[in-house]
>>> print(open('model_24.tsv').read())   # TSV, C-alpha atoms
chain	number	residue	atom	x	y	z
A	409	MET	CA	3.69	12.07	-56.06
A	410	SER	CA	3.91	9.86	-52.99
A	411	GLU	CA	7.61	9.50	-53.73
A	412	GLN	CA	7.95	13.26	-53.59
A	413	THR	CA	6.02	13.72	-50.38
A	414	SER	CA	8.03	11.04	-48.62
A	415	HIS	CA	11.20	12.86	-49.53
A	416	ALA	CA	9.98	16.30	-48.64
A	417	GLU	CA	10.01	16.99	-44.93
A	418	HIS	CA	6.93	16.30	-42.94
A	419	GLU	CA	4.18	18.90	-42.88
A	420	HIS	CA	3.38	19.64	-39.26
A	421	HIS	CA	-0.13	18.36	-38.67
A	422	ILE	CA	-2.20	20.07	-36.00
A	423	VAL	CA	-4.74	17.71	-34.47
A	424	SER	CA	-7.98	19.47	-33.65
A	425	PRO	CA	-9.22	19.62	-30.03
A	426	LYS	CA	-12.40	17.85	-31.16
A	427	VAL	CA	-10.33	14.72	-31.89
A	428	TYR	CA	-8.72	14.97	-28.45
A	429	ILE	CA	-12.13	15.29	-26.77
A	430	VAL	CA	-13.48	12.22	-28.60
A	431	VAL	CA	-10.33	10.28	-27.68
A	432	VAL	CA	-10.46	11.24	-23.99
A	433	LEU	CA	-14.13	10.21	-23.86
A	434	GLY	CA	-13.19	6.91	-25.47
A	435	LEU	CA	-10.50	6.39	-22.85
A	436	LEU	CA	-12.93	7.14	-20.00
A	437	VAL	CA	-15.50	4.72	-21.43
A	438	GLY	CA	-12.75	2.10	-21.85
A	439	THR	CA	-11.76	2.53	-18.19
A	440	ALA	CA	-15.35	2.11	-17.02
A	441	LEU	CA	-15.72	-0.94	-19.28
A	442	THR	CA	-12.59	-2.66	-18.03
A	443	VAL	CA	-13.51	-2.15	-14.35
A	444	TRP	CA	-17.03	-3.44	-15.02
A	445	ALA	CA	-15.74	-6.48	-16.95
A	446	SER	CA	-13.34	-7.39	-14.14
A	447	PHE	CA	-16.24	-7.99	-11.75
A	448	ILE	CA	-17.89	-10.53	-14.05
A	449	ASP	CA	-16.67	-14.11	-13.97
A	450	LEU	CA	-15.55	-14.92	-17.51
A	451	GLY	CA	-13.12	-17.66	-16.52
A	452	PRO	CA	-9.93	-17.57	-18.61
A	453	TRP	CA	-11.31	-14.65	-20.63
A	454	ASN	CA	-11.02	-12.12	-17.81
A	455	PRO	CA	-7.33	-11.32	-18.32
A	456	VAL	CA	-7.75	-11.52	-22.11
A	457	ILE	CA	-10.52	-8.93	-22.06
A	458	ALA	CA	-8.66	-6.72	-19.57
A	459	LEU	CA	-5.58	-6.76	-21.81
A	460	ALA	CA	-7.63	-6.25	-24.98
A	461	ILE	CA	-9.31	-3.15	-23.53
A	462	ALA	CA	-5.96	-1.86	-22.21
A	463	THR	CA	-4.44	-2.35	-25.66
A	464	GLY	CA	-7.38	-0.56	-27.27
A	465	LYS	CA	-6.85	2.37	-24.90
A	466	ALA	CA	-3.10	2.34	-25.55
A	467	MET	CA	-3.79	2.40	-29.31
A	468	LEU	CA	-5.99	5.47	-28.90
A	469	VAL	CA	-3.23	7.22	-26.95
A	470	VAL	CA	-0.49	6.25	-29.42
A	471	LEU	CA	-2.44	7.09	-32.58
A	472	PHE	CA	-4.04	10.37	-31.50
A	473	PHE	CA	-2.49	11.84	-28.35
A	474	MET	CA	0.99	10.87	-29.54
A	475	GLY	CA	0.01	11.67	-33.11
A	476	VAL	CA	1.44	8.55	-34.74
A	477	LYS	CA	-1.53	8.49	-37.11
A	478	TYR	CA	-0.35	11.81	-38.54
A	479	SER	CA	3.37	11.18	-38.32
A	480	THR	CA	6.08	10.24	-40.82
A	481	LYS	CA	6.58	6.71	-42.11
A	482	LEU	CA	9.84	6.62	-40.16
A	483	THR	CA	8.01	7.21	-36.87
A	484	LYS	CA	5.36	4.63	-37.72
A	485	LEU	CA	8.02	2.08	-38.58
A	486	THR	CA	9.89	2.86	-35.35
A	487	VAL	CA	6.78	2.31	-33.24
A	488	ILE	CA	5.86	-0.93	-35.02
A	489	ALA	CA	9.44	-2.21	-34.77
A	490	GLY	CA	9.43	-1.48	-31.03
A	491	ILE	CA	6.19	-3.38	-30.42
A	492	PHE	CA	7.39	-6.25	-32.60
A	493	ILE	CA	10.69	-6.63	-30.75
A	494	PHE	CA	8.96	-6.34	-27.38
A	495	LEU	CA	6.48	-9.10	-28.27
A	496	GLY	CA	9.30	-11.18	-29.76
A	497	LEU	CA	11.34	-10.94	-26.56
A	498	ILE	CA	8.33	-11.84	-24.41
A	499	SER	CA	7.47	-14.87	-26.58
A	500	MET	CA	11.05	-16.12	-26.56
A	501	THR	CA	11.30	-15.76	-22.79
A	502	LEU	CA	8.00	-17.55	-22.30
A	503	ALA	CA	8.97	-20.28	-24.77
A	504	ASP	CA	12.09	-20.86	-22.71
A	505	TYR	CA	10.24	-21.06	-19.39
A	506	MET	CA	7.41	-23.19	-20.73
A	507	SER	CA	9.69	-25.69	-22.42
A	508	ARG	CA	11.97	-26.18	-19.43
A	509	ALA	CA	10.65	-25.49	-15.96
A	510	TRP	CA	6.89	-25.28	-16.40
A	511	GLY	CA	5.08	-27.15	-13.65
A	512	ARG	CA	8.28	-27.77	-11.70
A	513	TRP	CA	8.49	-24.64	-9.55
B	520	MET	CA	48.95	17.40	-46.68
B	521	SER	CA	46.94	17.39	-43.49
B	522	ASP	CA	47.45	21.11	-43.14
B	523	ASN	CA	45.55	22.03	-46.26
B	524	PRO	CA	42.05	20.77	-45.41
B	525	VAL	CA	42.31	22.32	-41.96
B	526	ALA	CA	43.36	25.63	-43.39
B	527	SER	CA	40.64	25.59	-46.01
B	528	SER	CA	37.97	24.57	-43.56
B	529	THR	CA	38.95	27.38	-41.21
B	530	GLY	CA	38.84	29.66	-44.21
B	531	THR	CA	35.33	28.60	-45.05
B	532	HIS	CA	34.34	28.98	-41.45
B	533	SER	CA	35.49	32.56	-41.18
B	534	ALA	CA	33.85	33.30	-44.51
B	535	LEU	CA	30.60	32.00	-43.12
B	536	ALA	CA	31.05	33.99	-39.97
B	537	GLU	CA	31.44	37.17	-41.97
B	538	THR	CA	28.25	36.60	-43.84
B	539	GLY	CA	26.68	35.31	-40.66
B	540	GLY	CA	24.19	38.14	-40.43
B	541	PRO	CA	22.21	37.60	-43.62
B	542	HIS	CA	22.67	33.83	-43.37
B	543	HIS	CA	20.88	33.76	-40.04
B	544	GLU	CA	17.88	35.69	-41.28
B	545	LYS	CA	16.97	32.87	-43.64
B	546	HIS	CA	15.83	30.59	-40.87
B	547	PRO	CA	14.30	30.95	-37.40
B	548	SER	CA	16.67	31.31	-34.46
B	549	TYR	CA	15.67	27.91	-33.06
B	550	GLN	CA	16.85	26.02	-36.13
B	551	ARG	CA	20.24	24.41	-35.49
B	552	HIS	CA	22.90	24.91	-38.13
B	553	HIS	CA	23.28	21.24	-38.98
B	554	PHE	CA	19.67	20.94	-40.15
B	555	GLU	CA	18.61	22.12	-43.57
B	556	THR	CA	15.07	23.02	-42.57
B	557	VAL	CA	12.95	23.36	-39.45
B	558	GLY	CA	10.88	20.41	-40.65
B	559	GLN	CA	13.93	18.19	-40.89
B	560	GLN	CA	14.97	19.24	-37.40
B	561	ALA	CA	11.50	18.49	-36.00
B	562	ASP	CA	11.43	15.06	-37.68
B	563	ALA	CA	14.88	14.14	-36.39
B	564	THR	CA	13.99	15.20	-32.84
B	565	ASN	CA	10.71	13.31	-32.99
B	566	PHE	CA	12.53	10.18	-34.19
B	567	ALA	CA	15.06	10.49	-31.37
B	568	MET	CA	12.27	10.83	-28.82
B	569	TRP	CA	10.61	7.67	-30.11
B	570	LEU	CA	13.90	5.78	-29.90
B	571	PHE	CA	14.19	6.86	-26.28
B	572	LEU	CA	10.63	5.69	-25.64
B	573	LEU	CA	11.48	2.30	-27.17
B	574	THR	CA	14.27	1.88	-24.61
B	575	GLU	CA	11.63	2.67	-21.99
B	576	VAL	CA	9.33	0.02	-23.47
B	577	MET	CA	12.15	-2.52	-23.14
B	578	PHE	CA	12.83	-1.39	-19.57
B	579	PHE	CA	9.22	-1.75	-18.41
B	580	GLY	CA	8.91	-4.80	-20.66
B	581	GLY	CA	11.31	-6.71	-18.40
B	582	LEU	CA	9.11	-5.95	-15.40
B	583	PHE	CA	5.97	-6.96	-17.28
B	584	THR	CA	7.59	-10.25	-18.33
B	585	ALA	CA	8.57	-11.01	-14.72
B	586	TYR	CA	4.99	-10.26	-13.73
B	587	LEU	CA	3.61	-12.53	-16.45
B	588	ILE	CA	5.72	-15.52	-15.42
B	589	TYR	CA	5.19	-15.20	-11.67
B	590	ARG	CA	1.51	-14.62	-12.13
B	591	ASN	CA	1.22	-17.89	-14.02
B	592	TRP	CA	3.26	-19.74	-11.44
B	593	TYR	CA	1.66	-18.39	-8.27
B	594	TYR	CA	-1.79	-17.41	-9.49
B	595	PRO	CA	-3.68	-17.94	-6.16
B	596	ALA	CA	-1.12	-15.76	-4.35
B	597	PHE	CA	-1.47	-13.06	-7.00
B	598	VAL	CA	-5.26	-13.11	-6.74
B	599	ALA	CA	-5.24	-12.84	-2.95
B	600	ALA	CA	-2.58	-10.12	-2.94
B	601	SER	CA	-4.38	-8.19	-5.67
B	602	HIS	CA	-7.50	-8.12	-3.49
B	603	GLN	CA	-5.50	-5.99	-1.07
B	604	LEU	CA	-5.50	-3.14	-3.58
B	605	ASP	CA	-8.48	-0.84	-3.54
B	606	VAL	CA	-9.95	-0.83	-7.04
B	607	ARG	CA	-11.61	2.54	-6.34
B	608	TRP	CA	-8.27	4.27	-5.78
B	609	GLY	CA	-6.90	2.55	-8.88
B	610	THR	CA	-9.83	3.63	-11.03
B	611	LEU	CA	-9.67	7.18	-9.72
B	612	ASN	CA	-5.97	7.33	-10.50
B	613	THR	CA	-6.59	6.00	-14.00
B	614	LEU	CA	-9.15	8.74	-14.59
B	615	VAL	CA	-6.76	11.39	-13.20
B	616	LEU	CA	-3.97	10.22	-15.48
B	617	ILE	CA	-6.17	10.02	-18.58
B	618	LEU	CA	-7.38	13.56	-17.92
B	619	SER	CA	-3.77	14.72	-17.48
B	620	SER	CA	-2.92	13.18	-20.85
B	621	PHE	CA	-5.84	15.09	-22.33
B	622	THR	CA	-4.73	18.42	-20.82
B	623	MET	CA	-1.20	17.71	-22.11
B	624	ALA	CA	-2.52	17.03	-25.62
B	625	MET	CA	-4.46	20.30	-25.42
B	626	GLY	CA	-1.25	21.99	-24.28
B	627	VAL	CA	0.48	20.81	-27.45
B	628	TRP	CA	-2.41	22.17	-29.46
B	629	CYS	CA	-2.20	25.55	-27.66
B	630	SER	CA	1.52	25.63	-28.38
B	631	GLU	CA	0.93	24.85	-32.07
B	632	THR	CA	-1.74	27.51	-32.40
B	633	ARG	CA	0.30	30.01	-30.35
B	634	ARG	CA	-2.10	30.43	-27.44
B	635	LYS	CA	0.19	31.41	-24.60
B	636	SER	CA	-2.28	31.66	-21.72
B	637	GLY	CA	-4.01	28.47	-22.89
B	638	LEU	CA	-0.70	26.64	-22.88
B	639	VAL	CA	0.18	27.87	-19.39
B	640	LEU	CA	-3.26	26.78	-18.14
B	641	CYS	CA	-2.94	23.33	-19.75
B	642	LEU	CA	0.53	22.81	-18.29
B	643	ILE	CA	-0.64	23.87	-14.82
B	644	LEU	CA	-3.61	21.48	-15.07
B	645	THR	CA	-1.34	18.64	-16.19
B	646	PHE	CA	1.04	19.45	-13.33
B	647	THR	CA	-1.82	19.48	-10.80
B	648	LEU	CA	-3.33	16.22	-12.06
B	649	GLY	CA	0.12	14.63	-11.92
B	650	MET	CA	0.44	15.72	-8.29
B	651	CYS	CA	-3.05	14.31	-7.58
B	652	PHE	CA	-1.94	10.98	-8.99
B	653	LEU	CA	1.10	10.89	-6.73
B	654	GLY	CA	-1.03	11.94	-3.75
B	655	ILE	CA	-3.45	9.07	-4.29
B	656	LYS	CA	-0.55	6.69	-4.84
B	657	SER	CA	1.01	7.73	-1.55
B	658	ILE	CA	-2.29	7.06	0.26
B	659	GLU	CA	-2.23	3.55	-1.22
B	660	TYR	CA	1.42	3.02	-0.32
B	661	HIS	CA	0.74	4.18	3.24
B	662	GLU	CA	-2.02	1.59	3.56
B	663	LYS	CA	0.45	-1.12	2.49
B	664	TRP	CA	2.95	0.17	5.03
B	665	GLU	CA	0.42	-0.03	7.84
B	666	LYS	CA	-0.62	-3.57	6.91
B	667	HIS	CA	3.00	-4.71	6.58
B	668	HIS	CA	2.56	-5.55	2.93
B	669	ILE	CA	5.87	-4.03	1.90
B	670	PRO	CA	8.29	-6.88	1.01
B	671	GLY	CA	11.11	-7.27	3.50
B	672	PRO	CA	11.76	-8.45	7.06
B	673	HIS	CA	8.51	-6.95	8.38
B	674	TYR	CA	6.29	-8.49	5.73
B	675	SER	CA	3.13	-9.99	7.24
B	676	LEU	CA	1.21	-13.01	5.92
B	677	GLN	CA	-1.72	-12.36	8.24
B	678	SER	CA	-4.15	-11.25	5.49
B	679	PHE	CA	-3.45	-14.38	3.45
B	680	LEU	CA	-3.26	-17.05	6.16
B	681	ASP	CA	-6.29	-15.72	7.99
B	682	PRO	CA	-8.33	-13.73	5.42
B	683	ALA	CA	-11.35	-13.51	7.73
B	684	SER	CA	-9.35	-11.11	9.93
B	685	ASP	CA	-8.70	-8.80	6.99
B	686	GLU	CA	-11.36	-6.44	5.74
B	687	SER	CA	-10.26	-6.35	2.09
B	688	ALA	CA	-9.75	-10.12	1.90
B	689	ALA	CA	-13.05	-10.88	3.64
B	690	GLN	CA	-14.85	-8.64	1.18
B	691	TYR	CA	-13.95	-11.05	-1.62
B	692	GLY	CA	-14.54	-14.15	0.50
B	693	ASP	CA	-10.89	-15.22	0.16
B	694	LYS	CA	-10.03	-18.65	1.51
B	695	PRO	CA	-6.86	-19.10	3.61
B	696	LEU	CA	-3.83	-19.87	1.45
B	697	PRO	CA	-1.41	-22.66	2.39
B	698	LEU	CA	1.74	-21.19	3.95
B	699	ASP	CA	3.83	-21.99	0.90
B	700	MET	CA	1.49	-20.14	-1.47
B	701	ALA	CA	0.86	-17.30	1.01
B	702	ARG	CA	4.60	-16.59	1.08
B	703	HIS	CA	4.47	-15.91	-2.66
B	704	THR	CA	2.21	-12.91	-2.13
B	705	GLU	CA	5.44	-11.14	-1.28
B	706	ILE	CA	6.50	-11.57	-4.92
B	707	TYR	CA	3.30	-9.89	-6.03
B	708	PHE	CA	3.98	-6.94	-3.74
B	709	PHE	CA	7.59	-6.80	-4.81
B	710	LEU	CA	6.44	-6.48	-8.43
B	711	TYR	CA	3.68	-4.08	-7.40
B	712	PHE	CA	6.14	-1.72	-5.74
B	713	ALA	CA	8.79	-2.13	-8.44
B	714	MET	CA	6.36	-1.42	-11.27
B	715	THR	CA	4.22	1.32	-9.69
B	716	GLY	CA	7.36	2.77	-8.07
B	717	MET	CA	9.17	3.00	-11.40
B	718	HIS	CA	6.05	4.48	-12.92
B	719	ALA	CA	5.80	6.99	-10.06
B	720	LEU	CA	9.46	7.92	-10.56
B	721	HIS	CA	8.66	8.70	-14.20
B	722	MET	CA	5.76	10.83	-12.98
B	723	VAL	CA	8.03	12.73	-10.57
B	724	ILE	CA	10.52	13.43	-13.38
B	725	GLY	CA	7.65	14.47	-15.67
B	726	ILE	CA	6.20	16.80	-13.04
B	727	ALA	CA	9.61	18.40	-12.48
B	728	ILE	CA	9.95	19.05	-16.22
B	729	LEU	CA	6.39	20.40	-16.28
B	730	GLY	CA	7.32	22.87	-13.55
B	731	TYR	CA	10.20	24.11	-15.68
B	732	MET	CA	7.94	24.28	-18.75
B	733	ILE	CA	5.28	26.34	-16.94
B	734	PHE	CA	7.99	28.82	-16.02
B	735	ARG	CA	9.28	28.96	-19.63
B	736	ALA	CA	5.80	29.01	-21.19
B	737	ARG	CA	4.91	32.11	-19.16
B	738	ALA	CA	7.88	33.79	-20.77
B	739	GLY	CA	6.41	32.83	-24.15
B	740	ALA	CA	9.01	30.22	-25.03
B	741	TYR	CA	6.76	27.68	-26.75
B	742	THR	CA	4.26	29.85	-28.53
B	743	THR	CA	6.45	31.34	-31.23
B	744	GLY	CA	6.28	28.39	-33.62
B	745	HIS	CA	8.90	26.23	-31.92
B	746	VAL	CA	6.77	23.45	-30.46
B	747	THR	CA	9.32	20.60	-30.41
B	748	PHE	CA	9.96	20.62	-26.67
B	749	VAL	CA	6.30	20.66	-25.68
B	750	GLU	CA	5.50	18.05	-28.30
B	751	ASN	CA	8.23	15.64	-27.22
B	752	PHE	CA	7.46	16.12	-23.56
B	753	GLY	CA	3.87	15.26	-24.51
B	754	LEU	CA	5.11	11.98	-26.00
B	755	TYR	CA	6.85	11.16	-22.72
B	756	TRP	CA	3.79	12.03	-20.64
B	757	HIS	CA	1.47	9.94	-22.83
B	758	PHE	CA	3.91	7.04	-22.68
B	759	VAL	CA	3.77	7.13	-18.87
B	760	ASP	CA	-0.02	7.12	-19.19
B	761	ILE	CA	0.10	3.97	-21.37
B	762	ILE	CA	2.27	2.18	-18.80
B	763	TRP	CA	-0.32	2.98	-16.15
B	764	ILE	CA	-3.19	1.72	-18.34
B	765	TYR	CA	-1.48	-1.69	-18.37
B	766	LEU	CA	-0.45	-1.58	-14.70
B	767	PHE	CA	-4.02	-0.85	-13.71
B	768	ALA	CA	-5.40	-3.77	-15.72
B	769	LEU	CA	-2.71	-6.20	-14.54
B	770	LEU	CA	-2.26	-5.26	-10.88
B	771	TYR	CA	-5.73	-4.15	-9.82
B	772	LEU	CA	-8.12	-6.09	-12.00
B	773	ILE	CA	-6.66	-9.61	-11.83
B	774	SER	CA	-9.75	-11.29	-10.44
B	775	ARG	CA	-12.27	-9.05	-8.85
B	776	HIS	CA	-15.00	-11.60	-9.59
B	777	GLN	CA	-13.54	-14.26	-7.30
>>> encode(input="model_24.tsv", output="structure tokens")
Amino acid sequence: MSEQTSHAEHEHHIVSPKVYIVVVLGLLVGTALTVWASFIDLGPWNPVIALAIATGKAMLVVLFFMGVKYSTKLTKLTVIAGIFIFLGLISMTLADYMSRAWGRW
Amino acid sequence: MSDNPVASSTGTHSALAETGGPHHEKHPSYQRHHFETVGQQADATNFAMWLFLLTEVMFFGGLFTAYLIYRNWYYPAFVAASHQLDVRWGTLNTLVLILSSFTMAMGVWCSETRRKSGLVLCLILTFTLGMCFLGIKSIEYHEKWEKHHIPGPHYSLQSFLDPASDESAAQYGDKPLPLDMARHTEIYFFLYFAMTGMHALHMVIGIAILGYMIFRARAGAYTTGHVTFVENFGLYWHFVDIIWIYLFALLYLISRHQ
């Protein structure tokens, strides 16, 4: 069954406006939260929380506004591969800087 | 030997052309001949759009990596320079862009459910919100111009060497930076203009395409079942929104508590 559906072309899924409204409200709340959190002194956690909230918001946009949640396996794989390579490149660059010039700028 | 396949393929071609009439009725006019079904065509186009967006991720990724490294190296300079941005303008712009993403998503829905006037309205709203974003951005850029915070020969260290003389710096109780560190604020502003400038360029391109789409949507182009263009433009617009979500967190909210 699943074999068949993966071979058959993708049924076009129409996301209901209700989902979009919930998502946009989530994004607005996330924005308020991240601004509020930035004014509190959390030491090293400030950038972590700011990035975590930004990533949460980005996930909402990718999954619902961009419809990846309802898309084909190919699209999902493409998105995941992109994020993976991006993070891989960043880690390798950082590993290079941290192991060679860190503290000597 | 090479003549035969050519001849036969031309033969097949003309045979197809003759029966072209009935052949065309089997599928909608917007389906290209090299796709078997409309669904296959939509999937392929969607995949291509995502591949393009991945190249965009890599492009902005380079800028984000540069930001990450310099921020770690010259953190005090980044904090002081970041205090020069007005968090209220940044927040307002984030709200504007999120709303524009919402109106774009609703536009895709209108296109899917064949609501022509709804689609035109959504596209006009998205267009207007996009223009609002650029308007607010230009107010911010103008402020940087007036304070000589644009990297280059006229760059001024005044706000960082003598923060008491600067309203935005004084507001956060910034202490004067040593000259060496103060000079590195220019790197922050270089990255600020490179990143927000590239983002703004994407907005300008998006707004231009939106203008074209409004024109086409009024003629009923996207409400006859062929939603691919609106859908893929939506992907682009949402992607630009995501970039801003990160830019806002990284450039504006570095250390408002200090």
>>> interface_residues(input="model_24.tsv", of="chain B", to="chain A", cutoff="8 Å", atoms="only C-alpha atoms", output="ChimeraX atom specification")
/B:558-559,562,565-566,569-570,573,576-577,580,584,588,592,610,613-614,617-618,620-621,624-625,628,631,753-754,757,761,764-765,768-769,772-777
>>> atom_distance(input="model_24.tsv", atom1="CA of Leu572 in chain B", atom2="CA of Trp756 in chain B")
10.6 Å
>>> residues_around(input="model_24.tsv", residues="Pro682 in chain B", least_positions_apart="2", cutoff="9 Å", atoms="all atoms listed in the file", output="list in words")
Ala599, Gln677, Ser678, Phe679, Leu680, Ser684, Asp685, Glu686, Ser687, Ala688, Ala689, Gly692, Asp693, Lys694, Pro695 and Leu696 of chain B
>>> residues_near_point(input="model_24.tsv", point="(-5.0, 3.1, 2.4)", cutoff="12 Å", atoms="all atoms listed in the file", output="JSON, numbers by chain")
{"B": [603, 604, 605, 606, 607, 608, 609, 654, 655, 656, 657, 658, 659, 660, 661, 662, 663, 664, 665, 666, 667, 668, 686, 687]}
>>> atom_distance(input="model_24.tsv", atom1="CA of His602 in chain B", atom2="CA of Gly671 in chain B")
19.9 Å
>>> residues_around(input="model_24.tsv", residues="Leu766 in chain B", least_positions_apart="3", cutoff="9 Å", atoms="only C-alpha atoms", output="PyMOL selection string")
chain B and resi 583+711+714-715+761-763+769-771
>>> write_last_selection(input="model_24.tsv", atoms="C-alpha atoms", output="PDB file, keeping the file's coordinate frame")
ATOM      1  CA  PHE B 583       5.970  -6.960 -17.280  1.00  0.00           C
ATOM      2  CA  TYR B 711       3.680  -4.080  -7.400  1.00  0.00           C
ATOM      3  CA  MET B 714       6.360  -1.420 -11.270  1.00  0.00           C
ATOM      4  CA  THR B 715       4.220   1.320  -9.690  1.00  0.00           C
ATOM      5  CA  ILE B 761       0.100   3.970 -21.370  1.00  0.00           C
ATOM      6  CA  ILE B 762       2.270   2.180 -18.800  1.00  0.00           C
ATOM      7  CA  TRP B 763      -0.320   2.980 -16.150  1.00  0.00           C
ATOM      8  CA  LEU B 769      -2.710  -6.200 -14.540  1.00  0.00           C
ATOM      9  CA  LEU B 770      -2.260  -5.260 -10.880  1.00  0.00           C
ATOM     10  CA  TYR B 771      -5.730  -4.150  -9.820  1.00  0.00           C
TER      11      TYR B 771
END
>>> atom_distance(input="model_24.tsv", atom1="CA of Gly581 in chain B", atom2="CA of Gly725 in chain B")
21.7 Å
>>> axis_aligned_box(input="model_24.tsv", around="range 584-588 of chain B", padding_each_side="8 Å", output="lines of an AutoDock Vina configuration file")
center_x = 6.1
center_y = -12.9
center_z = -16.0
size_x = 21.0
size_y = 21.3
size_z = 20.6
>>> residues_around(input="model_24.tsv", residues="Pro595 in chain B", least_positions_apart="4", cutoff="9 Å", atoms="all atoms listed in the file", output="ChimeraX atom specification")
/B:590,599-600,696,700-701,704
>>> build_atoms(input="model_24.tsv", residues="range 606-619 of chain B", atoms="N, CA, C and O atoms", output="short mmCIF file (atom, residue, chain, number, x, y, z; two decimals), keeping the file's coordinate frame")
data_model
loop_
_atom_site.label_atom_id
_atom_site.label_comp_id
_atom_site.auth_asym_id
_atom_site.auth_seq_id
_atom_site.Cartn_x
_atom_site.Cartn_y
_atom_site.Cartn_z
N VAL B 606 -9.68 -1.10 -5.63
CA VAL B 606 -9.95 -0.83 -7.04
C VAL B 606 -10.48 0.59 -7.24
O VAL B 606 -10.29 1.19 -8.30
N ARG B 607 -11.09 1.17 -6.20
CA ARG B 607 -11.61 2.54 -6.34
C ARG B 607 -10.47 3.55 -6.47
O ARG B 607 -10.52 4.46 -7.30
N TRP B 608 -9.43 3.38 -5.65
CA TRP B 608 -8.27 4.27 -5.78
C TRP B 608 -7.62 4.10 -7.15
O TRP B 608 -7.24 5.06 -7.81
N GLY B 609 -7.52 2.84 -7.58
CA GLY B 609 -6.90 2.55 -8.88
C GLY B 609 -7.67 3.18 -10.02
O GLY B 609 -7.08 3.79 -10.93
N THR B 610 -9.00 3.06 -9.97
CA THR B 610 -9.83 3.63 -11.03
C THR B 610 -9.72 5.15 -11.03
O THR B 610 -9.55 5.77 -12.08
N LEU B 611 -9.78 5.71 -9.82
CA LEU B 611 -9.67 7.18 -9.72
C LEU B 611 -8.34 7.66 -10.31
O LEU B 611 -8.30 8.63 -11.07
N ASN B 612 -7.28 6.94 -9.98
CA ASN B 612 -5.97 7.33 -10.50
C ASN B 612 -5.89 7.19 -12.01
O ASN B 612 -5.24 7.99 -12.68
N THR B 613 -6.56 6.16 -12.55
CA THR B 613 -6.59 6.00 -14.00
C THR B 613 -7.29 7.19 -14.65
O THR B 613 -6.81 7.75 -15.64
N LEU B 614 -8.41 7.59 -14.05
CA LEU B 614 -9.15 8.74 -14.59
C LEU B 614 -8.28 10.01 -14.52
O LEU B 614 -8.22 10.78 -15.48
N VAL B 615 -7.62 10.20 -13.38
CA VAL B 615 -6.76 11.39 -13.20
C VAL B 615 -5.68 11.43 -14.28
O VAL B 615 -5.44 12.46 -14.92
N LEU B 616 -5.08 10.26 -14.52
CA LEU B 616 -3.97 10.22 -15.48
C LEU B 616 -4.45 10.41 -16.91
O LEU B 616 -3.79 11.08 -17.72
N ILE B 617 -5.61 9.84 -17.23
CA ILE B 617 -6.17 10.02 -18.58
C ILE B 617 -6.48 11.50 -18.81
O ILE B 617 -6.18 12.06 -19.86
N LEU B 618 -7.07 12.14 -17.79
CA LEU B 618 -7.38 13.56 -17.92
C LEU B 618 -6.09 14.38 -18.08
O LEU B 618 -6.04 15.35 -18.85
N SER B 619 -5.03 13.98 -17.36
CA SER B 619 -3.77 14.72 -17.48
C SER B 619 -3.18 14.56 -18.88
O SER B 619 -2.56 15.47 -19.41
#
